[in-house]
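Have a look at input.pdb below; it lists PDB, C-alpha atoms.
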```
MODEL        1
ATOM      1  CA  MET A  10     -22.172  -4.620  16.622
ATOM      2  CA  LYS A  11     -19.875  -7.610  16.935
ATOM      3  CA  ASN A  12     -18.850  -7.343  13.250
ATOM      4  CA  ASN A  13     -17.886  -3.688  13.680
ATOM      5  CA  ILE A  14     -15.593  -4.575  16.576
ATOM      6  CA  GLU A  15     -13.977  -7.350  14.547
ATOM      7  CA  ASN A  16     -13.381  -4.998  11.588
ATOM      8  CA  LYS A  17     -11.660  -2.450  13.833
ATOM      9  CA  THR A  18      -9.279  -5.012  15.320
ATOM     10  CA  ARG A  19      -8.620  -7.096  12.203
ATOM     11  CA  ALA A  20      -4.910  -7.278  11.353
ATOM     12  CA  GLN A  21      -3.694  -5.396   8.300
ATOM     13  CA  ILE A  22      -2.121  -8.024   6.027
ATOM     14  CA  PRO A  23      -0.857  -7.573   2.431
ATOM     15  CA  GLU A  24      -2.089  -9.903  -0.310
ATOM     16  CA  ARG A  25       1.511 -10.581  -1.316
ATOM     17  CA  CYS A  26       5.026  -9.136  -1.126
ATOM     18  CA  ARG A  27       7.104  -8.545  -4.244
ATOM     19  CA  VAL A  28      10.257 -10.503  -5.078
ATOM     20  CA  GLY A  29      13.120  -9.724  -2.718
ATOM     21  CA  PHE A  30      10.777  -8.964   0.172
ATOM     22  CA  GLN A  31       9.570 -10.954   3.145
ATOM     23  CA  ARG A  32       6.693 -10.647   5.596
ATOM     24  CA  TYR A  33       7.282  -9.147   9.018
ATOM     25  CA  THR A  34       4.666  -9.401  11.762
ATOM     26  CA  VAL A  35       4.428  -6.351  14.003
ATOM     27  CA  VAL A  36       5.043  -7.014  17.708
ATOM     28  CA  LYS A  37       4.255  -4.939  20.771
ATOM     29  CA  GLY A  38       6.359  -1.761  20.926
ATOM     30  CA  ASP A  39       7.068  -1.651  17.184
ATOM     31  CA  THR A  40       6.860   1.597  15.216
ATOM     32  CA  LEU A  41       7.565   2.203  11.542
ATOM     33  CA  GLU A  42      10.699   4.093  12.586
ATOM     34  CA  LYS A  43      12.033   1.100  14.541
ATOM     35  CA  ILE A  44      11.179  -1.376  11.791
ATOM     36  CA  ALA A  45      12.728   0.849   9.090
ATOM     37  CA  LYS A  46      15.972   1.090  11.073
ATOM     38  CA  ARG A  47      16.042  -2.671  11.633
ATOM     39  CA  PHE A  48      15.716  -3.410   7.913
ATOM     40  CA  ASN A  49      17.970  -0.578   6.666
ATOM     41  CA  VAL A  50      15.293   1.396   4.834
ATOM     42  CA  THR A  51      13.583   4.731   5.314
ATOM     43  CA  VAL A  52      10.127   5.192   6.820
ATOM     44  CA  GLY A  53       8.955   6.668   3.522
ATOM     45  CA  PHE A  54      10.083   3.527   1.732
ATOM     46  CA  LEU A  55       8.079   1.297   4.101
ATOM     47  CA  ILE A  56       4.988   3.439   3.584
ATOM     48  CA  VAL A  57       5.222   3.119  -0.217
ATOM     49  CA  GLU A  58       5.798  -0.643  -0.040
ATOM     50  CA  ASN A  59       2.885  -1.202   2.330
ATOM     51  CA  PRO A  60      -0.170   0.584   0.936
ATOM     52  CA  HIS A  61      -2.438  -1.791   2.891
ATOM     53  CA  ILE A  62      -1.468   0.079   6.093
ATOM     54  CA  LYS A  63      -4.197   2.718   6.260
ATOM     55  CA  ASP A  64      -2.445   5.004   8.769
ATOM     56  CA  PRO A  65       1.362   4.662   9.089
ATOM     57  CA  ASN A  66       1.143   6.176  12.562
ATOM     58  CA  LYS A  67      -1.114   3.371  13.717
ATOM     59  CA  ILE A  68       0.256  -0.154  13.487
ATOM     60  CA  PHE A  69      -0.632  -2.906  15.919
ATOM     61  CA  PRO A  70       0.700  -6.318  16.957
ATOM     62  CA  GLY A  71      -0.426  -8.810  14.343
ATOM     63  CA  ASP A  72      -0.225  -6.376  11.432
ATOM     64  CA  VAL A  73       2.043  -7.645   8.646
ATOM     65  CA  LEU A  74       4.511  -5.514   6.637
ATOM     66  CA  CYS A  75       6.496  -6.263   3.496
ATOM     67  CA  VAL A  76      10.173  -5.656   4.305
ATOM     68  CA  PRO A  77      13.312  -6.341   2.220
ATOM     69  CA  ILE A  78      15.140  -9.614   2.773
ATOM     70  CA  GLN A  79      18.370  -8.834   4.594
ATOM     71  CA  PRO A  80      21.772 -10.305   3.693
ATOM     72  CA  PRO A  81      23.929 -11.799   6.474
ATOM     73  CA  PRO A  82      25.791  -9.184   8.584
ATOM     74  CA  GLY A  83      28.822  -7.784   6.791
ATOM     75  CA  VAL A  84      27.811  -9.237   3.421
ATOM     76  CA  GLY A  85      27.128  -6.755   0.634
ATOM     77  CA  ARG A  86      24.066  -6.958  -1.558
ATOM     78  CA  VAL A  87      25.117  -8.221  -4.983
ATOM     79  CA  PRO A  88      22.981  -8.497  -8.159
ATOM     80  CA  GLU A  89      22.658 -11.900  -9.803
ATOM     81  CA  SER A  90      23.646 -10.344 -13.123
ATOM     82  CA  CYS A  91      23.846  -6.974 -14.877
ATOM     83  CA  PRO A  92      22.198  -5.909 -18.166
ATOM     84  CA  ILE A  93      24.232  -5.839 -21.375
ATOM     85  CA  GLY A  94      26.440  -2.752 -21.384
ATOM     86  CA  TYR A  95      26.570  -2.578 -17.594
ATOM     87  CA  GLU A  96      29.397  -3.400 -15.207
ATOM     88  CA  LYS A  97      29.564  -3.997 -11.470
ATOM     89  CA  TYR A  98      30.580  -1.219  -9.090
ATOM     90  CA  THR A  99      31.303  -1.789  -5.398
ATOM     91  CA  ILE A 100      30.062   0.904  -3.022
ATOM     92  CA  LYS A 101      32.740   2.817  -1.106
ATOM     93  CA  PRO A 102      32.322   4.883   2.076
ATOM     94  CA  GLY A 103      30.603   8.188   1.258
ATOM     95  CA  ASP A 104      28.983   6.960  -1.960
ATOM     96  CA  THR A 105      25.366   7.806  -2.755
ATOM     97  CA  PHE A 106      23.192   6.911  -5.740
ATOM     98  CA  SER A 107      23.126  10.571  -6.767
ATOM     99  CA  MET A 108      26.911  10.919  -6.544
ATOM    100  CA  ILE A 109      27.539   7.765  -8.577
ATOM    101  CA  ALA A 110      25.005   8.815 -11.231
ATOM    102  CA  GLN A 111      26.586  12.263 -11.474
ATOM    103  CA  ASN A 112      30.091  10.815 -11.848
ATOM    104  CA  ILE A 113      28.944   8.528 -14.648
ATOM    105  CA  GLY A 114      26.808  11.212 -16.260
ATOM    106  CA  VAL A 115      23.434   9.439 -16.194
ATOM    107  CA  PRO A 116      20.101  10.171 -14.447
ATOM    108  CA  VAL A 117      19.846   8.622 -10.989
ATOM    109  CA  ASP A 118      16.559   6.962 -12.017
ATOM    110  CA  LEU A 119      18.495   4.829 -14.504
ATOM    111  CA  LEU A 120      20.567   3.394 -11.651
ATOM    112  CA  ILE A 121      17.480   2.780  -9.537
ATOM    113  CA  TRP A 122      15.677   0.946 -12.370
ATOM    114  CA  ASN A 123      18.632  -1.380 -12.994
ATOM    115  CA  ASN A 124      19.399  -2.214  -9.359
ATOM    116  CA  PRO A 125      16.203  -3.768  -7.976
ATOM    117  CA  HIS A 126      18.261  -5.758  -5.441
ATOM    118  CA  ILE A 127      18.754  -2.449  -3.566
ATOM    119  CA  PRO A 128      15.251  -1.914  -2.161
ATOM    120  CA  ASP A 129      15.818   1.653  -0.901
ATOM    121  CA  PRO A 130      18.315   3.711  -2.957
ATOM    122  CA  ASN A 131      18.567   6.191  -0.089
ATOM    123  CA  ILE A 132      20.316   3.581   2.057
ATOM    124  CA  ILE A 133      23.418   1.815   0.709
ATOM    125  CA  PHE A 134      26.467   0.443   2.477
ATOM    126  CA  PRO A 135      30.144  -0.117   1.603
ATOM    127  CA  GLY A 136      30.388  -3.550   0.028
ATOM    128  CA  ASP A 137      27.048  -3.331  -1.780
ATOM    129  CA  VAL A 138      27.406  -3.852  -5.535
ATOM    130  CA  LEU A 139      25.566  -1.852  -8.201
ATOM    131  CA  CYS A 140      25.098  -2.381 -11.920
ATOM    132  CA  VAL A 141      26.278   0.818 -13.616
ATOM    133  CA  PRO A 142      26.260   1.611 -17.357
ATOM    134  CA  VAL A 143      29.535   1.552 -19.253
ATOM    135  CA  PRO A 144      29.858   5.122 -20.620
ATOM    136  CA  LEU A 145      30.012   5.697 -24.356
ATOM    137  CA  LYS A 146      33.138   7.292 -25.767
ATOM    138  CA  LEU A 147      31.548  10.209 -27.579
ATOM    139  CA  PRO A 148      31.179  10.713 -30.438
ATOM    140  CA  SER A 149      30.328   7.039 -30.944
ATOM    141  CA  CYS A 150      29.616   5.283 -34.232
ATOM    142  CA  SER A 151      28.338   1.725 -34.636
ATOM    143  CA  ILE A 152      27.534  -0.373 -37.703
ATOM    144  CA  LEU A 153      24.077  -1.899 -38.181
ATOM    145  CA  LYS A 154      24.025  -5.226 -40.005
ATOM    146  CA  PRO A 155      21.144  -7.092 -41.665
ATOM    147  CA  ILE A 156      19.445  -9.806 -39.656
ATOM    148  CA  ASN A 157      18.423 -11.611 -42.852
ATOM    149  CA  SER A 158      21.431 -12.917 -44.792
ATOM    150  CA  SER A 159      19.631 -12.278 -48.096
ATOM    151  CA  LEU A 160      20.098  -8.508 -47.608
ATOM    152  CA  GLN A 161      23.877  -8.570 -48.028
ATOM    153  CA  ASN A 162      24.153  -5.046 -49.476
ATOM    154  CA  THR A 163      21.930  -3.473 -46.834
ATOM    155  CA  PHE A 164      23.584  -1.820 -43.848
ATOM    156  CA  GLY A 165      23.308   1.138 -41.516
ATOM    157  CA  SER A 166      24.982   3.189 -38.814
ATOM    158  CA  ALA A 167      24.197   4.679 -35.426
ATOM    159  CA  LEU A 168      26.004   7.868 -34.401
ATOM    160  CA  VAL A 169      25.776   9.310 -30.895
ATOM    161  CA  GLN A 170      27.097  12.765 -30.061
ATOM    162  CA  LYS A 171      26.831  14.983 -27.014
ATOM    163  CA  LEU A 172      25.087  18.315 -27.492
ATOM    164  CA  GLN A 173      26.055  21.553 -25.752
ATOM    165  CA  ASN A 174      23.137  21.230 -23.329
ATOM    166  CA  GLY A 175      24.443  17.818 -22.211
ATOM    167  CA  GLN A 176      21.807  15.771 -24.016
ATOM    168  CA  HIS A 177      22.601  12.957 -26.410
ATOM    169  CA  GLN A 178      21.713  12.992 -30.085
ATOM    170  CA  LEU A 179      21.275   9.618 -31.758
ATOM    171  CA  ILE A 180      21.391   9.599 -35.576
ATOM    172  CA  ILE A 181      20.400   6.373 -37.336
ATOM    173  CA  THR A 182      21.054   5.864 -41.036
ATOM    174  CA  GLY A 183      20.005   2.969 -43.281
ATOM    175  CA  VAL A 184      21.513   2.383 -46.741
ATOM    176  CA  ASN A 185      20.144   0.209 -49.568
ATOM    177  CA  LEU A 186      16.965  -0.455 -47.633
ATOM    178  CA  PRO A 187      14.312  -2.148 -49.789
ATOM    179  CA  LYS A 188      11.034  -0.374 -50.456
ATOM    180  CA  PRO A 189       8.985  -0.842 -47.262
ATOM    181  CA  SER A 190       5.960  -2.047 -49.252
ATOM    182  CA  SER A 191       8.014  -4.979 -50.561
ATOM    183  CA  LEU A 192       8.186  -6.306 -46.989
ATOM    184  CA  GLY A 193       4.465  -6.135 -46.243
ATOM    185  CA  ASN A 194       1.953  -3.496 -45.195
ATOM    186  CA  TYR A 195       4.601  -0.862 -44.515
ATOM    187  CA  ASN A 196       5.259   2.648 -45.820
ATOM    188  CA  GLY A 197       8.408   3.615 -43.927
ATOM    189  CA  TYR A 198      11.083   2.741 -41.385
ATOM    190  CA  ASP A 199      11.618   3.506 -37.704
ATOM    191  CA  GLY A 200      14.825   3.695 -35.754
ATOM    192  CA  PHE A 201      14.731   2.132 -32.296
ATOM    193  CA  VAL A 202      17.111   2.096 -29.317
ATOM    194  CA  GLY A 203      16.646  -0.435 -26.515
ATOM    195  CA  ILE A 204      17.620   0.768 -23.027
ATOM    196  CA  ALA A 205      17.932  -1.584 -20.055
ATOM    197  CA  GLY A 206      15.356  -0.940 -17.357
ATOM    198  CA  ILE A 207      13.357   1.485 -19.519
ATOM    199  CA  GLY A 208      12.390  -0.390 -22.664
ATOM    200  CA  GLY A 209      13.459   1.956 -25.393
ATOM    201  CA  TYR A 210      12.557   4.729 -27.802
ATOM    202  CA  GLY A 211      11.455   4.613 -31.423
ATOM    203  CA  PHE A 212      11.373   7.426 -33.985
ATOM    204  CA  PRO A 213      10.607   7.690 -37.732
ATOM    205  CA  LEU A 214      13.284   7.727 -40.408
ATOM    206  CA  THR A 215      12.980   9.915 -43.509
ATOM    207  CA  ASN A 216      13.636   8.664 -47.033
ATOM    208  CA  VAL A 217      16.236  11.081 -48.438
ATOM    209  CA  SER A 218      17.118   9.082 -51.551
ATOM    210  CA  SER A 219      14.776   6.528 -53.129
ATOM    211  CA  GLU A 220      17.381   5.327 -55.627
ATOM    212  CA  GLU A 221      19.917   4.505 -52.907
ATOM    213  CA  GLY A 222      17.359   3.337 -50.368
ATOM    214  CA  LEU A 223      18.764   5.929 -47.956
ATOM    215  CA  TRP A 224      16.779   6.600 -44.774
ATOM    216  CA  ILE A 225      17.874   8.790 -41.888
ATOM    217  CA  GLY A 226      16.445  10.097 -38.618
ATOM    218  CA  SER A 227      17.560  11.472 -35.280
ATOM    219  CA  LEU A 228      16.493  11.513 -31.645
ATOM    220  CA  VAL A 229      17.547  13.969 -28.939
ATOM    221  CA  ILE A 230      17.398  12.319 -25.558
ATOM    222  CA  PHE A 231      18.594  13.028 -22.028
ATOM    223  CA  PRO A 232      21.919  11.245 -21.298
ATOM    224  CA  ILE A 233      20.810   7.656 -20.726
ATOM    225  CA  LEU A 234      22.537   6.055 -23.725
ATOM    226  CA  SER A 235      25.392   3.742 -22.820
ATOM    227  CA  SER A 236      27.598   1.042 -24.249
ATOM    228  CA  GLY A 237      25.569  -2.068 -25.030
ATOM    229  CA  ASN A 238      22.307  -0.338 -25.975
ATOM    230  CA  GLN A 239      20.703  -2.215 -28.867
ATOM    231  CA  ILE A 240      19.885  -0.341 -32.085
ATOM    232  CA  TYR A 241      17.401  -1.451 -34.741
ATOM    233  CA  ILE A 242      15.880  -0.314 -38.018
ATOM    234  CA  ILE A 243      12.314  -1.616 -38.255
ATOM    235  CA  PRO A 244       9.723  -1.461 -41.063
ATOM    236  CA  SER A 245       6.731   0.667 -40.023
ATOM    237  CA  ASN A 246       3.418   2.076 -41.135
ATOM    238  CA  SER A 247       2.709   5.727 -40.298
ATOM    239  CA  GLU A 248      -1.057   5.262 -40.592
ATOM    240  CA  VAL A 249      -1.750   2.030 -38.713
ATOM    241  CA  SER A 250       0.037  -0.131 -36.176
ATOM    242  CA  VAL A 251       1.528  -3.165 -37.906
ATOM    243  CA  PRO A 252       3.661  -5.818 -36.167
ATOM    244  CA  SER A 253       7.158  -5.972 -37.642
ATOM    245  CA  LYS A 254      10.567  -7.490 -37.121
ATOM    246  CA  PRO A 255      13.902  -5.587 -37.198
ATOM    247  CA  LEU A 256      15.681  -5.427 -40.546
ATOM    248  CA  LEU A 257      19.041  -4.154 -39.230
ATOM    249  CA  GLU A 258      20.587  -4.413 -35.781
ATOM    250  CA  GLY A 259      23.674  -3.232 -33.947
ATOM    251  CA  ILE A 260      25.026  -2.336 -30.502
ATOM    252  CA  LEU A 261      26.333   1.003 -29.256
ATOM    253  CA  LYS A 262      30.007   0.861 -28.294
TER
ENDMDL
END
```

In structure tokens, how does this file's structure come out?
Amino acid sequence: MKNNIENKTRAQIPERCRVGFQRYTVVKGDTLEKIAKRFNVTVGFLIVENPHIKDPNKIFPGDVLCVPIQPPPGVGRVPESCPIGYEKYTIKPGDTFSMIAQNIGVPVDLLIWNNPHIPDPNIIFPGDVLCVPVPLKLPSCSILKPINSSLQNTFGSALVQKLQNGQHQLIITGVNLPKPSSLGNYNGYDGFVGIAGIGGYGFPLTNVSSEEGLWIGSLVIFPILSSGNQIYIIPSNSEVSVPSKPLLEGILK
């Protein structure tokens, strides 16, 4: 009987809080609404960040929540650095994540992924600083150069154009590529684009001319490509997964 009473009154405490968060101990009179307002986040945000709280409507003194670390009053939240191809943007009165994303022409999720110093994207203040992607000037064409200096006559290109439906089309071409089998257990090539905060996307290239070592492929993707995205051509095997290193590399501009 005693153990049951102890279990009912035991404080709800998280195992750990993620980077950028601190522990807050609930005091008498606290509610999630009051705590959310104090730390400039929404109630929904607190609920997601504190899954150890079994019932958000029932918190008690001694319970511990993970809440974002707050900057000094009047000081904007600034990222330590921005990914390649991103620049800093200072929030102005009336700005929202959705509005900024729409003005730049990228999905709002891309901004959220690359601004982890803003714990709740629904609450931003003038003076906060975001990392925003530098837009591509479409159509965009970039040169891919060999990583290995022995492949002096091997090169490629990456073309990005905007389709009528607003999506991006990325076309990667490799010229004078050696036979994949000469590099190891490979039977083809993949194109790959690295995107900050997401990881990237790979897709197969097709050999259109064996004599010229010409390989080409394309990817249609929602508008998340931006200046600074890294482009690679990588040897691949369509039948089995084989580790490989990029043969050509370049950066979208």

Run the PyMOL selection byres ((chain A and resi 54) around 12) on the file and write out the hits as an MDAnalysis selection string.
-> chainID A and resid 41:42 44:46 48:53 55:60 65 74:77 127:132

So that each row is one residue of segment 165-235 of chain A with an atom at most 12 Å from segment 95-110 of chain A, can you give its shortest atom pair and the distance in Å to one decimal, using only C-alpha atoms, rows by chain and rising number, as a tab-separated table?
```
residue	atom	partner	partner_atom	distance
A:Ile204	CA	A:Tyr95	CA	11.0
A:Ala205	CA	A:Tyr95	CA	9.0
A:Gly206	CA	A:Tyr95	CA	11.3
A:Pro232	CA	A:Ala110	CA	10.8
A:Ile233	CA	A:Ala110	CA	10.4
A:Leu234	CA	A:Tyr95	CA	11.3
A:Ser235	CA	A:Tyr95	CA	8.3
```

Picked residues, the PyMOL selection byres ((chain A and resi 222-231) around 7), expected as a ChimeraX atom specification = /A:176-187,212-221,232-233

Near segment 241-243 of chain A, counting all atoms listed in the file, which residues have an atom at most 12 Å away, once you skip same-chain residues fewer than 2 positions from it, shown as a PyMOL selection string?
-> chain A and resi 151-156+163-167+180-184+186-187+189+192+195-204+209-215+224-226+238-239+245-246+251-261

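Residue membership of the PyMOL selection byres ((chain A and resi 79-87) around 7) in the shown file amounts to Phe48, Pro77, Ile78, Pro88, Glu89, Gly136, Asp137 and Val138 of chain A.
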
Export, as a PDB file, in the coordinates of the input, the selected residues with C-alpha atoms.
```
ATOM      1  CA  PHE A  48      15.716  -3.410   7.913  1.00  0.00           C
ATOM      2  CA  PRO A  77      13.312  -6.341   2.220  1.00  0.00           C
ATOM      3  CA  ILE A  78      15.140  -9.614   2.773  1.00  0.00           C
ATOM      4  CA  PRO A  88      22.981  -8.497  -8.159  1.00  0.00           C
ATOM      5  CA  GLU A  89      22.658 -11.900  -9.803  1.00  0.00           C
ATOM      6  CA  GLY A 136      30.388  -3.550   0.028  1.00  0.00           C
ATOM      7  CA  ASP A 137      27.048  -3.331  -1.780  1.00  0.00           C
ATOM      8  CA  VAL A 138      27.406  -3.852  -5.535  1.00  0.00           C
TER       9      VAL A 138
END
```

Suppose you want the space between atom CA of Val143 of chain A and atom CA of Gln111 of chain A; what is it in Å?
-> 13.6 Å

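The space between atom CA of Pro144 of chain A and atom CA of Val169 of chain A spans 11.8 Å.
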
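When atom CA of Pro148 of chain A is paired with atom CA of Asp118 of chain A, their separation reads 23.8 Å.
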
Of the candidates A:Cys26, A:Ile68, A:Val73, A:Leu145, which one gets nearest to Gly114 of chain A if we count only C-alpha atoms?
-> A:Leu145

Counting only C-alpha atoms, find the residues whose atoms lie at most 9 Å from (-3.2, -5.1, 3.1) (file coordinates) and write them out as an mmCIF file with C-alpha atoms, keeping the file's coordinate frame.
```
data_model
loop_
_atom_site.group_PDB
_atom_site.id
_atom_site.type_symbol
_atom_site.label_atom_id
_atom_site.label_comp_id
_atom_site.auth_asym_id
_atom_site.auth_seq_id
_atom_site.Cartn_x
_atom_site.Cartn_y
_atom_site.Cartn_z
ATOM 1 C CA ALA A 20 -4.910 -7.278 11.353
ATOM 2 C CA GLN A 21 -3.694 -5.396 8.300
ATOM 3 C CA ILE A 22 -2.121 -8.024 6.027
ATOM 4 C CA PRO A 23 -0.857 -7.573 2.431
ATOM 5 C CA GLU A 24 -2.089 -9.903 -0.310
ATOM 6 C CA ARG A 25 1.511 -10.581 -1.316
ATOM 7 C CA ASN A 59 2.885 -1.202 2.330
ATOM 8 C CA PRO A 60 -0.170 0.584 0.936
ATOM 9 C CA HIS A 61 -2.438 -1.791 2.891
ATOM 10 C CA ILE A 62 -1.468 0.079 6.093
ATOM 11 C CA LYS A 63 -4.197 2.718 6.260
ATOM 12 C CA ASP A 72 -0.225 -6.376 11.432
ATOM 13 C CA VAL A 73 2.043 -7.645 8.646
ATOM 14 C CA LEU A 74 4.511 -5.514 6.637
#
```

Applying 10 Å and only C-alpha atoms, which residues near Lys37 of chain A remain after dropping the ones on its own chain fewer than 6 positions away? List them as a PDB file with C-alpha atoms, in the coordinates of the input.
```
ATOM      1  CA  ILE A  68       0.256  -0.154  13.487  1.00  0.00           C
ATOM      2  CA  PHE A  69      -0.632  -2.906  15.919  1.00  0.00           C
ATOM      3  CA  PRO A  70       0.700  -6.318  16.957  1.00  0.00           C
ATOM      4  CA  GLY A  71      -0.426  -8.810  14.343  1.00  0.00           C
TER       5      GLY A  71
END
```

Could you put an axis-aligned box around every listed atom of segment 203-216 of chain A, padded by 3 Å on each side, and send me its centre and edge lengths in Å to one decimal, as lines of an AutoDock Vina configuration file?
```
center_x = 14.3
center_y = 4.2
center_z = -32.2
size_x = 13.3
size_y = 17.5
size_z = 35.7
```

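Proximity to Lys171 of chain A was assessed for A:Thr34, A:Ser236, A:Asn194, A:Ser149 counting only C-alpha atoms; the smallest distance is recorded for A:Ser149.
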
Could you add the missing atoms to segment 54-62 of chain A, up to all heavy atoms, and return them as a PDB file, keeping the file's coordinate frame?
```pdb
ATOM      1  N   PHE A  54      10.014   4.729   2.563  1.00  0.00           N
ATOM      2  CA  PHE A  54      10.083   3.527   1.732  1.00  0.00           C
ATOM      3  C   PHE A  54       9.082   2.480   2.229  1.00  0.00           C
ATOM      4  O   PHE A  54       8.367   1.860   1.437  1.00  0.00           O
ATOM      5  CB  PHE A  54      11.498   2.958   1.757  1.00  0.00           C
ATOM      6  CG  PHE A  54      11.660   1.685   0.978  1.00  0.00           C
ATOM      7  CD1 PHE A  54      11.876   1.725  -0.388  1.00  0.00           C
ATOM      8  CD2 PHE A  54      11.594   0.451   1.598  1.00  0.00           C
ATOM      9  CE1 PHE A  54      12.018   0.552  -1.121  1.00  0.00           C
ATOM     10  CE2 PHE A  54      11.741  -0.725   0.880  1.00  0.00           C
ATOM     11  CZ  PHE A  54      11.952  -0.668  -0.484  1.00  0.00           C
ATOM     12  N   LEU A  55       9.032   2.265   3.540  1.00  0.00           N
ATOM     13  CA  LEU A  55       8.079   1.297   4.101  1.00  0.00           C
ATOM     14  C   LEU A  55       6.637   1.689   3.791  1.00  0.00           C
ATOM     15  O   LEU A  55       5.803   0.836   3.495  1.00  0.00           O
ATOM     16  CB  LEU A  55       8.266   1.188   5.619  1.00  0.00           C
ATOM     17  CG  LEU A  55       9.415   0.329   6.132  1.00  0.00           C
ATOM     18  CD1 LEU A  55       9.349   0.224   7.659  1.00  0.00           C
ATOM     19  CD2 LEU A  55       9.380  -1.074   5.524  1.00  0.00           C
ATOM     20  N   ILE A  56       6.346   2.969   3.852  1.00  0.00           N
ATOM     21  CA  ILE A  56       4.988   3.439   3.584  1.00  0.00           C
ATOM     22  C   ILE A  56       4.598   3.121   2.137  1.00  0.00           C
ATOM     23  O   ILE A  56       3.499   2.627   1.862  1.00  0.00           O
ATOM     24  CB  ILE A  56       4.878   4.950   3.862  1.00  0.00           C
ATOM     25  CG1 ILE A  56       5.023   5.217   5.374  1.00  0.00           C
ATOM     26  CG2 ILE A  56       3.544   5.492   3.351  1.00  0.00           C
ATOM     27  CD1 ILE A  56       5.069   6.691   5.736  1.00  0.00           C
ATOM     28  N   VAL A  57       5.507   3.386   1.198  1.00  0.00           N
ATOM     29  CA  VAL A  57       5.222   3.119  -0.217  1.00  0.00           C
ATOM     30  C   VAL A  57       5.034   1.630  -0.463  1.00  0.00           C
ATOM     31  O   VAL A  57       4.161   1.221  -1.240  1.00  0.00           O
ATOM     32  CB  VAL A  57       6.364   3.678  -1.102  1.00  0.00           C
ATOM     33  CG1 VAL A  57       6.204   3.205  -2.547  1.00  0.00           C
ATOM     34  CG2 VAL A  57       6.387   5.188  -1.047  1.00  0.00           C
ATOM     35  N   GLU A  58       5.849   0.801   0.190  1.00  0.00           N
ATOM     36  CA  GLU A  58       5.798  -0.643  -0.040  1.00  0.00           C
ATOM     37  C   GLU A  58       4.640  -1.321   0.687  1.00  0.00           C
ATOM     38  O   GLU A  58       4.372  -2.506   0.456  1.00  0.00           O
ATOM     39  CB  GLU A  58       7.121  -1.294   0.398  1.00  0.00           C
ATOM     40  CG  GLU A  58       8.302  -0.963  -0.483  1.00  0.00           C
ATOM     41  CD  GLU A  58       8.186  -1.570  -1.865  1.00  0.00           C
ATOM     42  OE1 GLU A  58       7.491  -2.597  -2.016  1.00  0.00           O
ATOM     43  OE2 GLU A  58       8.770  -1.012  -2.805  1.00  0.00           O
ATOM     44  N   ASN A  59       3.960  -0.600   1.543  1.00  0.00           N
ATOM     45  CA  ASN A  59       2.885  -1.202   2.330  1.00  0.00           C
ATOM     46  C   ASN A  59       1.610  -0.359   2.273  1.00  0.00           C
ATOM     47  O   ASN A  59       1.152   0.178   3.290  1.00  0.00           O
ATOM     48  CB  ASN A  59       3.343  -1.387   3.784  1.00  0.00           C
ATOM     49  CG  ASN A  59       4.433  -2.427   3.923  1.00  0.00           C
ATOM     50  OD1 ASN A  59       4.166  -3.623   3.975  1.00  0.00           O
ATOM     51  ND2 ASN A  59       5.680  -1.959   3.961  1.00  0.00           N
ATOM     52  N   PRO A  60       1.025  -0.255   1.083  1.00  0.00           N
ATOM     53  CA  PRO A  60      -0.170   0.584   0.936  1.00  0.00           C
ATOM     54  C   PRO A  60      -1.388   0.038   1.690  1.00  0.00           C
ATOM     55  O   PRO A  60      -2.387   0.755   1.847  1.00  0.00           O
ATOM     56  CB  PRO A  60      -0.410   0.579  -0.574  1.00  0.00           C
ATOM     57  CG  PRO A  60       0.221  -0.695  -1.053  1.00  0.00           C
ATOM     58  CD  PRO A  60       1.433  -0.871  -0.196  1.00  0.00           C
ATOM     59  N   HIS A  61      -1.308  -1.222   2.149  1.00  0.00           N
ATOM     60  CA  HIS A  61      -2.438  -1.791   2.891  1.00  0.00           C
ATOM     61  C   HIS A  61      -2.520  -1.234   4.316  1.00  0.00           C
ATOM     62  O   HIS A  61      -3.523  -1.423   5.000  1.00  0.00           O
ATOM     63  CB  HIS A  61      -2.332  -3.319   2.942  1.00  0.00           C
ATOM     64  CG  HIS A  61      -1.123  -3.800   3.687  1.00  0.00           C
ATOM     65  ND1 HIS A  61       0.150  -3.711   3.170  1.00  0.00           N
ATOM     66  CD2 HIS A  61      -0.988  -4.354   4.919  1.00  0.00           C
ATOM     67  CE1 HIS A  61       1.011  -4.207   4.040  1.00  0.00           C
ATOM     68  NE2 HIS A  61       0.348  -4.604   5.110  1.00  0.00           N
ATOM     69  N   ILE A  62      -1.448  -0.559   4.770  1.00  0.00           N
ATOM     70  CA  ILE A  62      -1.468   0.079   6.093  1.00  0.00           C
ATOM     71  C   ILE A  62      -2.166   1.428   5.940  1.00  0.00           C
ATOM     72  O   ILE A  62      -1.626   2.352   5.338  1.00  0.00           O
ATOM     73  CB  ILE A  62      -0.042   0.260   6.651  1.00  0.00           C
ATOM     74  CG1 ILE A  62       0.668  -1.094   6.776  1.00  0.00           C
ATOM     75  CG2 ILE A  62      -0.089   0.970   7.996  1.00  0.00           C
ATOM     76  CD1 ILE A  62       0.015  -2.053   7.760  1.00  0.00           C
TER      77      ILE A  62
END
```
